[in-house]
Every structure is written in C-alpha cells, then in structure tokens.
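Source file: coords.cif. Holds: mmCIF, C-alpha atoms.
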data_protein
#
loop_
_atom_site.group_PDB
_atom_site.id
_atom_site.type_symbol
_atom_site.label_atom_id
_atom_site.label_comp_id
_atom_site.auth_asym_id
_atom_site.auth_seq_id
_atom_site.Cartn_x
_atom_site.Cartn_y
_atom_site.Cartn_z
ATOM 1 C CA MET H 1300 168.351 88.395 104.258
ATOM 2 C CA ALA H 1301 166.998 87.179 100.929
ATOM 3 C CA THR H 1302 164.140 84.862 100.073
ATOM 4 C CA ARG H 1303 165.367 81.956 97.971
ATOM 5 C CA GLY H 1304 163.312 79.484 95.972
ATOM 6 C CA VAL H 1305 163.996 75.844 96.765
ATOM 7 C CA ARG H 1306 162.575 73.439 94.189
ATOM 8 C CA GLY H 1307 161.722 69.806 94.589
ATOM 9 C CA ALA H 1308 159.663 67.095 92.951
ATOM 10 C CA THR H 1309 158.859 63.434 93.411
ATOM 11 C CA THR H 1310 156.449 60.858 92.071
ATOM 12 C CA ALA H 1311 153.807 58.681 93.691
ATOM 13 C CA ASP H 1312 153.240 55.065 92.735
ATOM 14 C CA ARG H 1313 149.476 55.353 93.186
ATOM 15 C CA ASN H 1314 146.659 57.803 93.864
ATOM 16 C CA ASP H 1315 146.310 56.977 97.547
ATOM 17 C CA ALA H 1316 146.073 59.566 100.350
ATOM 18 C CA ALA H 1317 148.587 57.893 102.666
ATOM 19 C CA HIS H 1318 151.071 57.294 99.848
ATOM 20 C CA ILE H 1319 150.835 60.886 98.558
ATOM 21 C CA GLY H 1320 151.419 62.059 102.128
ATOM 22 C CA GLU H 1321 154.466 59.820 102.547
ATOM 23 C CA ARG H 1322 156.036 61.106 99.343
ATOM 24 C CA ALA H 1323 155.317 64.768 100.206
ATOM 25 C CA LEU H 1324 156.871 64.313 103.654
ATOM 26 C CA GLU H 1325 159.918 62.583 102.162
ATOM 27 C CA LEU H 1326 160.383 65.431 99.679
ATOM 28 C CA VAL H 1327 160.176 68.208 102.271
ATOM 29 C CA ARG H 1328 162.463 66.337 104.669
ATOM 30 C CA VAL H 1329 165.099 65.851 101.951
ATOM 31 C CA LEU H 1330 164.974 69.548 101.006
ATOM 32 C CA ALA H 1331 165.183 70.617 104.655
ATOM 33 C CA GLU H 1332 168.109 68.294 105.409
ATOM 34 C CA ARG H 1333 170.083 69.235 102.272
ATOM 35 C CA ASN H 1334 169.743 72.957 102.974
ATOM 36 C CA GLY H 1335 169.507 73.184 106.754
ATOM 37 C CA ILE H 1336 166.030 74.686 106.425
ATOM 38 C CA ARG H 1337 164.184 75.436 109.650
ATOM 39 C CA PRO H 1338 160.406 75.873 109.394
ATOM 40 C CA GLU H 1339 160.569 79.307 111.050
ATOM 41 C CA ASP H 1340 162.654 80.480 108.071
ATOM 42 C CA VAL H 1341 160.127 79.309 105.450
ATOM 43 C CA ALA H 1342 157.956 82.198 104.273
ATOM 44 C CA SER H 1343 155.572 79.860 102.430
ATOM 45 C CA ALA H 1344 155.406 76.770 100.240
ATOM 46 C CA THR H 1345 153.466 75.997 97.089
ATOM 47 C CA PHE H 1346 152.752 72.391 96.140
ATOM 48 C CA THR H 1347 151.390 71.215 92.806
ATOM 49 C CA VAL H 1348 150.170 67.793 91.749
ATOM 50 C CA THR H 1349 149.354 66.357 88.366
ATOM 51 C CA GLU H 1350 145.704 65.719 87.539
ATOM 52 C CA ASP H 1351 146.058 61.981 88.275
ATOM 53 C CA LEU H 1352 146.737 62.674 91.993
ATOM 54 C CA ASP H 1353 143.616 63.846 93.794
ATOM 55 C CA ALA H 1354 143.351 61.587 96.864
ATOM 56 C CA GLU H 1355 145.148 64.037 99.201
ATOM 57 C CA PHE H 1356 146.501 67.564 99.398
ATOM 58 C CA PRO H 1357 150.292 67.180 99.719
ATOM 59 C CA ALA H 1358 150.344 70.055 102.233
ATOM 60 C CA MET H 1359 148.178 68.177 104.749
ATOM 61 C CA PRO H 1360 150.884 65.892 106.175
ATOM 62 C CA ILE H 1361 153.448 68.721 106.133
ATOM 63 C CA ARG H 1362 151.304 70.606 108.659
ATOM 64 C CA SER H 1363 151.921 67.746 111.099
ATOM 65 C CA LEU H 1364 155.696 68.325 111.128
ATOM 66 C CA PRO H 1365 156.959 70.225 114.182
ATOM 67 C CA GLY H 1366 157.160 73.959 113.401
ATOM 68 C CA TRP H 1367 155.423 73.675 110.023
ATOM 69 C CA GLU H 1368 151.910 74.278 111.396
ATOM 70 C CA ASP H 1369 152.460 78.054 111.100
ATOM 71 C CA VAL H 1370 153.967 77.998 107.581
ATOM 72 C CA PRO H 1371 151.494 79.122 104.881
ATOM 73 C CA LEU H 1372 151.057 76.176 102.507
ATOM 74 C CA LEU H 1373 149.173 76.148 99.215
ATOM 75 C CA CYS H 1374 148.238 73.337 96.842
ATOM 76 C CA ALA H 1375 147.393 73.644 93.149
ATOM 77 C CA ARG H 1376 147.011 71.467 90.088
ATOM 78 C CA GLU H 1377 149.856 71.311 87.594
ATOM 79 C CA ILE H 1378 149.134 72.207 83.964
ATOM 80 C CA PRO H 1379 148.252 68.889 82.231
ATOM 81 C CA VAL H 1380 150.729 69.101 79.358
ATOM 82 C CA PRO H 1381 150.242 66.030 77.139
ATOM 83 C CA GLY H 1382 153.061 63.533 77.531
ATOM 84 C CA SER H 1383 154.409 65.140 80.713
ATOM 85 C CA LEU H 1384 155.383 63.165 83.800
ATOM 86 C CA GLY H 1385 152.368 61.773 85.616
ATOM 87 C CA ARG H 1386 151.692 61.194 89.338
ATOM 88 C CA CYS H 1387 154.080 64.038 90.131
ATOM 89 C CA ILE H 1388 154.232 66.165 93.281
ATOM 90 C CA ARG H 1389 156.199 69.410 93.029
ATOM 91 C CA VAL H 1390 157.063 71.997 95.661
ATOM 92 C CA LEU H 1391 158.531 75.488 95.710
ATOM 93 C CA LEU H 1392 159.707 76.531 99.184
ATOM 94 C CA HIS H 1393 160.207 80.264 99.769
ATOM 95 C CA TRP H 1394 163.126 80.256 102.204
ATOM 96 C CA ASN H 1395 164.455 83.295 104.074
ATOM 97 C CA THR H 1396 168.202 82.772 104.284
ATOM 98 C CA GLU H 1397 171.607 84.387 104.180
ATOM 99 C CA SER H 1398 172.684 81.709 101.686
ATOM 100 C CA GLY H 1399 173.263 82.739 98.099
ATOM 101 C CA GLN H 1400 171.128 81.245 95.344
ATOM 102 C CA ALA H 1401 174.079 79.155 94.129
ATOM 103 C CA ALA H 1402 174.253 77.461 97.549
ATOM 104 C CA VAL H 1403 170.643 76.233 97.398
ATOM 105 C CA ARG H 1404 170.351 72.469 96.928
ATOM 106 C CA HIS H 1405 167.219 71.491 95.019
ATOM 107 C CA ALA H 1406 166.051 67.855 95.034
ATOM 108 C CA PHE H 1407 164.196 65.836 92.422
ATOM 109 C CA LEU H 1408 163.418 62.360 93.739
ATOM 110 C CA ARG H 1409 162.239 59.041 92.358
ATOM 111 C CA GLY H 1410 160.582 59.284 88.917
ATOM 112 C CA ALA H 1411 160.979 63.063 88.949
ATOM 113 C CA ARG H 1412 164.771 62.703 88.684
ATOM 114 C CA SER H 1413 164.314 62.680 84.905
ATOM 115 C CA LEU H 1414 162.877 66.220 85.002
ATOM 116 C CA ARG H 1415 166.069 67.828 86.323
ATOM 117 C CA PRO H 1416 168.965 65.348 86.200
ATOM 118 C CA ALA H 1417 171.378 67.931 87.643
ATOM 119 C CA TRP H 1418 169.192 68.114 90.764
ATOM 120 C CA ALA H 1419 168.475 64.361 90.985
ATOM 121 C CA VAL H 1420 168.753 62.804 94.448
ATOM 122 C CA ARG H 1421 168.477 59.089 95.109
ATOM 123 C CA VAL H 1422 166.516 57.916 98.151
ATOM 124 C CA PRO H 1423 166.042 54.462 99.690
ATOM 125 C CA GLY H 1424 163.582 52.381 97.689
ATOM 126 C CA ASP H 1425 164.207 54.126 94.354
ATOM 127 C CA ASP H 1426 164.954 50.877 92.596
ATOM 128 C CA ASP H 1427 161.671 49.347 93.822
ATOM 129 C CA ASP H 1428 159.503 52.069 92.268
ATOM 130 C CA PRO H 1429 157.555 51.270 89.105
ATOM 131 C CA ALA H 1430 158.437 53.179 85.958
ATOM 132 C CA PRO H 1431 157.023 56.728 85.973
ATOM 133 C CA THR H 1432 153.794 57.291 84.074
ATOM 134 C CA ARG H 1433 153.146 59.930 81.436
ATOM 135 C CA LEU H 1434 149.989 61.955 80.976
ATOM 136 C CA PRO H 1435 147.956 60.994 77.892
ATOM 137 C CA ALA H 1436 148.811 62.601 74.579
ATOM 138 C CA ALA H 1437 146.534 65.380 73.421
ATOM 139 C CA GLY H 1438 143.512 64.618 71.274
ATOM 140 C CA PRO H 1439 142.548 66.577 68.176
ATOM 141 C CA SER H 1440 142.845 70.363 68.416
ATOM 142 C CA ARG H 1441 139.673 72.206 69.323
#
As structure tokens, what does this structure read like?
Amino acid sequence: MATRGVRGATTADRNDAAHIGERALELVRVLAERNGIRPEDVASATFTVTEDLDAEFPAMPIRSLPGWEDVPLLCAREIPVPGSLGRCIRVLLHWNTESGQAAVRHAFLRGARSLRPAWAVRVPGDDDDPAPTRLPAAGPSR
C-alpha cells in the first residue's frame, strides 16, 4: 500500500470562525467523496491558510467528523507571496491506498479553482461567492 498526496483548496468569503469551518468541512468532504477516502486510511493532513484568515484553525471542525478525531491534523500559515490568492484554505491529505497516483482526484473549489484549473470542482453556491481577493503587492525591497 502506498501513501498518496491528495490536494485541495478553497476560499472563504470572510475571516469568520464559523465560515472558515464550513469551507474546511466542505473541502474535506469533497475530497473524501471524490476518492472514497475513509478516515482510518488517512495518515495525516496538513492545512494552510493565508495570513488574512486567522479566526479559526481549519482542522478544528474536521476533528468533529466521525472517524477523523484520531487523524493527526496540522495547521500552518501559507507563505504570503505578494499578489497571491487571498482568504485561501489549502489541504494536503496523506492517504494510504492501493490506488495509483494517477487515480487520485484533487479538488480546488470556489475562488481557488483559478489556482489549478485542471483540478477545479464546482460546488453549490459558487456563483454567489464574491470575487476572490489577492494579497497586497510587496512594498520596497529591504
């Protein structure tokens, strides 16, 4: 059995704990459904958020999903590259599976669809989301 990386990303409309949690749950559910992932087969998961999302750890609501309470989850801050997509939640699931890497179905939702168009997945409410934000451009070099 191999450990495969399963990538996903989404955006949040606002820096609000409940909203960040909703978007993190949606992202993990989409990845699990698309790949048939069972929590007992997930070795670990790493979440990152952009610097404009600090109201909640995206891993917190995931721990409430049945079976996920024993999965090691880690949160970190994304590198704040000037001009990059803002209010973004990313995840890398480490999945133990017999599936080959080519069979893995990654999912980039909502405003994050622009990051990896080949992995873009539409979800209900996409059209109601505001336009994605961008992180501020860099100031003068230090």
Might you spell out which residues the PyMOL selection byres ((chain H and resi 1335) around 12) would select in the displayed file, as a ChimeraX atom specification?
/H:1305,1327-1334,1336-1341,1394-1398,1402-1404
Pick out the residues sitting within 9 Å of H:Cys1387, and hand them over as a ChimeraX atom specification; count all atoms listed in the file, and ignore anything fewer than 6 positions along from it in its own chain.
/H:1308-1311,1347-1352,1377,1410-1411,1431
Residue contacts of H:Leu1391 (9 Å, all atoms listed in the file) excluding same-chain residues fewer than 3 positions away, as a PyMOL selection string
chain H and resi 1304-1308+1343-1347
Looking at H:Met1300, H:Leu1384, H:Ala1358, H:Val1390, which one is nearest to H:Arg1412, with distances taken over only C-alpha atoms?
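Of the candidates, the smallest distance to H:Arg1412 is held by H:Leu1384.
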Spell out the residues picked by the PyMOL selection byres ((chain H and resi 1428) around 9) here, as a PyMOL selection string.
chain H and resi 1311-1312+1409-1410+1424-1427+1429-1431
Do you know which residues the PyMOL selection byres ((chain H and resi 1361) around 9) returns on this file, as a VMD selection string?
chain H and resid 1320 1323 to 1324 1327 1357 to 1360 1362 to 1365 1367 to 1368 1372
Smallest atom-to-atom distance to H:Gly1385: which of H:Arg1421, H:Arg1303, H:Arg1433, H:Arg1313, using only C-alpha atoms?
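With only C-alpha atoms as the atom set, the closest residue is H:Arg1433.
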Would you kindly return, as a PDB file with C-alpha atoms, keeping the file's coordinate frame, each protein, DNA or RNA residue with an atom no farther than 8 Å from any atom of H:Gly1382, considering only C-alpha atoms and excluding same-chain residues fewer than 2 positions away?
ATOM      1  CA  VAL H1380     150.729  69.101  79.358  1.00  0.00           C
ATOM      2  CA  LEU H1384     155.383  63.165  83.800  1.00  0.00           C
ATOM      3  CA  ARG H1433     153.146  59.930  81.436  1.00  0.00           C
ATOM      4  CA  LEU H1434     149.989  61.955  80.976  1.00  0.00           C
ATOM      5  CA  PRO H1435     147.956  60.994  77.892  1.00  0.00           C
ATOM      6  CA  ALA H1436     148.811  62.601  74.579  1.00  0.00           C
ATOM      7  CA  ALA H1437     146.534  65.380  73.421  1.00  0.00           C
TER       8      ALA H1437
END
Atom CA of H:Leu1392 and atom CA of H:Thr1302 are how many Å apart?
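Computing it gives 9.5 Å between the two atoms.
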To one decimal place, how far is atom CA of H:Pro1371 from atom CA of H:Ser1383 in Å?
28.1 Å
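As for atom CA of H:Ser1413 and atom CA of H:Ile1378, they are spaced 17.9 Å apart.
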H:His1318, H:His1405, H:Arg1389, H:Arg1415: which is nearest H:Leu1373, counting only C-alpha atoms?
H:Arg1389
Option closest in space to H:Val1422, from H:Asp1369, H:Gly1399, H:Leu1326, H:Ile1388 [counting all atoms listed in the file]:
H:Leu1326
Repair of stretch 1374-1410 of chain H at the level of N, CA and C atoms, as a PDB file, in the coordinates of the input:
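What ended up in rebuild13.pdb:
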ATOM      1  N   CYS H1374     148.214  74.408  97.828  1.00  0.00           N
ATOM      2  CA  CYS H1374     148.238  73.337  96.842  1.00  0.00           C
ATOM      3  C   CYS H1374     147.522  73.797  95.578  1.00  0.00           C
ATOM      4  N   ALA H1375     148.001  73.315  94.438  1.00  0.00           N
ATOM      5  CA  ALA H1375     147.393  73.644  93.149  1.00  0.00           C
ATOM      6  C   ALA H1375     147.593  72.468  92.208  1.00  0.00           C
ATOM      7  N   ARG H1376     146.878  72.504  91.108  1.00  0.00           N
ATOM      8  CA  ARG H1376     147.011  71.467  90.088  1.00  0.00           C
ATOM      9  C   ARG H1376     147.993  71.934  89.026  1.00  0.00           C
ATOM     10  N   GLU H1377     148.871  71.041  88.649  1.00  0.00           N
ATOM     11  CA  GLU H1377     149.856  71.311  87.594  1.00  0.00           C
ATOM     12  C   GLU H1377     149.146  71.379  86.236  1.00  0.00           C
ATOM     13  N   ILE H1378     149.680  72.143  85.313  1.00  0.00           N
ATOM     14  CA  ILE H1378     149.134  72.207  83.964  1.00  0.00           C
ATOM     15  C   ILE H1378     149.275  70.824  83.321  1.00  0.00           C
ATOM     16  N   PRO H1379     148.185  70.250  82.789  1.00  0.00           N
ATOM     17  CA  PRO H1379     148.252  68.889  82.231  1.00  0.00           C
ATOM     18  C   PRO H1379     148.819  68.855  80.805  1.00  0.00           C
ATOM     19  N   VAL H1380     150.078  69.114  80.670  1.00  0.00           N
ATOM     20  CA  VAL H1380     150.729  69.101  79.358  1.00  0.00           C
ATOM     21  C   VAL H1380     150.773  67.653  78.853  1.00  0.00           C
ATOM     22  N   PRO H1381     150.239  67.394  77.667  1.00  0.00           N
ATOM     23  CA  PRO H1381     150.242  66.030  77.139  1.00  0.00           C
ATOM     24  C   PRO H1381     151.657  65.452  77.087  1.00  0.00           C
ATOM     25  N   GLY H1382     151.780  64.219  77.554  1.00  0.00           N
ATOM     26  CA  GLY H1382     153.061  63.533  77.531  1.00  0.00           C
ATOM     27  C   GLY H1382     153.980  63.867  78.691  1.00  0.00           C
ATOM     28  N   SER H1383     153.553  64.782  79.577  1.00  0.00           N
ATOM     29  CA  SER H1383     154.409  65.140  80.713  1.00  0.00           C
ATOM     30  C   SER H1383     154.358  64.060  81.791  1.00  0.00           C
ATOM     31  N   LEU H1384     155.272  64.148  82.729  1.00  0.00           N
ATOM     32  CA  LEU H1384     155.383  63.165  83.800  1.00  0.00           C
ATOM     33  C   LEU H1384     154.104  63.133  84.624  1.00  0.00           C
ATOM     34  N   GLY H1385     153.580  61.948  84.829  1.00  0.00           N
ATOM     35  CA  GLY H1385     152.368  61.773  85.616  1.00  0.00           C
ATOM     36  C   GLY H1385     152.670  61.465  87.078  1.00  0.00           C
ATOM     37  N   ARG H1386     151.619  61.480  87.891  1.00  0.00           N
ATOM     38  CA  ARG H1386     151.692  61.194  89.338  1.00  0.00           C
ATOM     39  C   ARG H1386     152.853  61.945  89.997  1.00  0.00           C
ATOM     40  N   CYS H1387     152.959  63.224  89.668  1.00  0.00           N
ATOM     41  CA  CYS H1387     154.080  64.038  90.131  1.00  0.00           C
ATOM     42  C   CYS H1387     153.629  65.058  91.170  1.00  0.00           C
ATOM     43  N   ILE H1388     154.422  65.178  92.225  1.00  0.00           N
ATOM     44  CA  ILE H1388     154.232  66.165  93.281  1.00  0.00           C
ATOM     45  C   ILE H1388     155.413  67.115  93.205  1.00  0.00           C
ATOM     46  N   ARG H1389     155.131  68.402  93.072  1.00  0.00           N
ATOM     47  CA  ARG H1389     156.199  69.410  93.029  1.00  0.00           C
ATOM     48  C   ARG H1389     156.026  70.373  94.192  1.00  0.00           C
ATOM     49  N   VAL H1390     157.131  70.987  94.606  1.00  0.00           N
ATOM     50  CA  VAL H1390     157.063  71.997  95.661  1.00  0.00           C
ATOM     51  C   VAL H1390     158.052  73.116  95.356  1.00  0.00           C
ATOM     52  N   LEU H1391     157.654  74.321  95.728  1.00  0.00           N
ATOM     53  CA  LEU H1391     158.531  75.488  95.710  1.00  0.00           C
ATOM     54  C   LEU H1391     158.476  76.076  97.113  1.00  0.00           C
ATOM     55  N   LEU H1392     159.592  75.939  97.847  1.00  0.00           N
ATOM     56  CA  LEU H1392     159.707  76.531  99.184  1.00  0.00           C
ATOM     57  C   LEU H1392     160.278  77.934  99.038  1.00  0.00           C
ATOM     58  N   HIS H1393     159.700  78.884  99.736  1.00  0.00           N
ATOM     59  CA  HIS H1393     160.207  80.264  99.769  1.00  0.00           C
ATOM     60  C   HIS H1393     160.935  80.409 101.109  1.00  0.00           C
ATOM     61  N   TRP H1394     162.272  80.380 101.030  1.00  0.00           N
ATOM     62  CA  TRP H1394     163.126  80.256 102.204  1.00  0.00           C
ATOM     63  C   TRP H1394     163.885  81.542 102.457  1.00  0.00           C
ATOM     64  N   ASN H1395     163.705  82.103 103.642  1.00  0.00           N
ATOM     65  CA  ASN H1395     164.455  83.295 104.074  1.00  0.00           C
ATOM     66  C   ASN H1395     165.803  82.845 104.613  1.00  0.00           C
ATOM     67  N   THR H1396     166.876  83.283 103.945  1.00  0.00           N
ATOM     68  CA  THR H1396     168.202  82.772 104.284  1.00  0.00           C
ATOM     69  C   THR H1396     169.289  83.772 103.907  1.00  0.00           C
ATOM     70  N   GLU H1397     170.419  83.626 104.545  1.00  0.00           N
ATOM     71  CA  GLU H1397     171.607  84.387 104.180  1.00  0.00           C
ATOM     72  C   GLU H1397     172.369  83.695 103.052  1.00  0.00           C
ATOM     73  N   SER H1398     172.002  82.466 102.738  1.00  0.00           N
ATOM     74  CA  SER H1398     172.684  81.709 101.686  1.00  0.00           C
ATOM     75  C   SER H1398     172.429  82.332 100.321  1.00  0.00           C
ATOM     76  N   GLY H1399     173.430  82.279  99.469  1.00  0.00           N
ATOM     77  CA  GLY H1399     173.263  82.739  98.099  1.00  0.00           C
ATOM     78  C   GLY H1399     172.493  81.718  97.274  1.00  0.00           C
ATOM     79  N   GLN H1400     171.917  82.159  96.172  1.00  0.00           N
ATOM     80  CA  GLN H1400     171.128  81.245  95.344  1.00  0.00           C
ATOM     81  C   GLN H1400     171.954  80.051  94.872  1.00  0.00           C
ATOM     82  N   ALA H1401     173.231  80.257  94.595  1.00  0.00           N
ATOM     83  CA  ALA H1401     174.079  79.155  94.129  1.00  0.00           C
ATOM     84  C   ALA H1401     174.288  78.083  95.193  1.00  0.00           C
ATOM     85  N   ALA H1402     174.073  78.422  96.463  1.00  0.00           N
ATOM     86  CA  ALA H1402     174.253  77.461  97.549  1.00  0.00           C
ATOM     87  C   ALA H1402     173.010  76.601  97.785  1.00  0.00           C
ATOM     88  N   VAL H1403     171.892  76.973  97.194  1.00  0.00           N
ATOM     89  CA  VAL H1403     170.643  76.233  97.398  1.00  0.00           C
ATOM     90  C   VAL H1403     170.741  74.868  96.721  1.00  0.00           C
ATOM     91  N   ARG H1404     170.313  73.838  97.431  1.00  0.00           N
ATOM     92  CA  ARG H1404     170.351  72.469  96.928  1.00  0.00           C
ATOM     93  C   ARG H1404     168.925  71.990  96.673  1.00  0.00           C
ATOM     94  N   HIS H1405     168.536  71.976  95.415  1.00  0.00           N
ATOM     95  CA  HIS H1405     167.219  71.491  95.019  1.00  0.00           C
ATOM     96  C   HIS H1405     167.258  69.965  95.026  1.00  0.00           C
ATOM     97  N   ALA H1406     166.078  69.321  94.995  1.00  0.00           N
ATOM     98  CA  ALA H1406     166.051  67.855  95.034  1.00  0.00           C
ATOM     99  C   ALA H1406     164.878  67.316  94.231  1.00  0.00           C
ATOM    100  N   PHE H1407     165.206  66.528  93.217  1.00  0.00           N
ATOM    101  CA  PHE H1407     164.196  65.836  92.422  1.00  0.00           C
ATOM    102  C   PHE H1407     164.378  64.341  92.684  1.00  0.00           C
ATOM    103  N   LEU H1408     163.350  63.730  93.248  1.00  0.00           N
ATOM    104  CA  LEU H1408     163.418  62.360  93.739  1.00  0.00           C
ATOM    105  C   LEU H1408     162.655  61.398  92.832  1.00  0.00           C
ATOM    106  N   ARG H1409     162.969  60.143  92.981  1.00  0.00           N
ATOM    107  CA  ARG H1409     162.239  59.041  92.358  1.00  0.00           C
ATOM    108  C   ARG H1409     162.037  59.272  90.859  1.00  0.00           C
ATOM    109  N   GLY H1410     160.829  59.117  90.346  1.00  0.00           N
ATOM    110  CA  GLY H1410     160.582  59.284  88.917  1.00  0.00           C
ATOM    111  C   GLY H1410     160.804  60.689  88.426  1.00  0.00           C
TER     112      GLY H1410
END
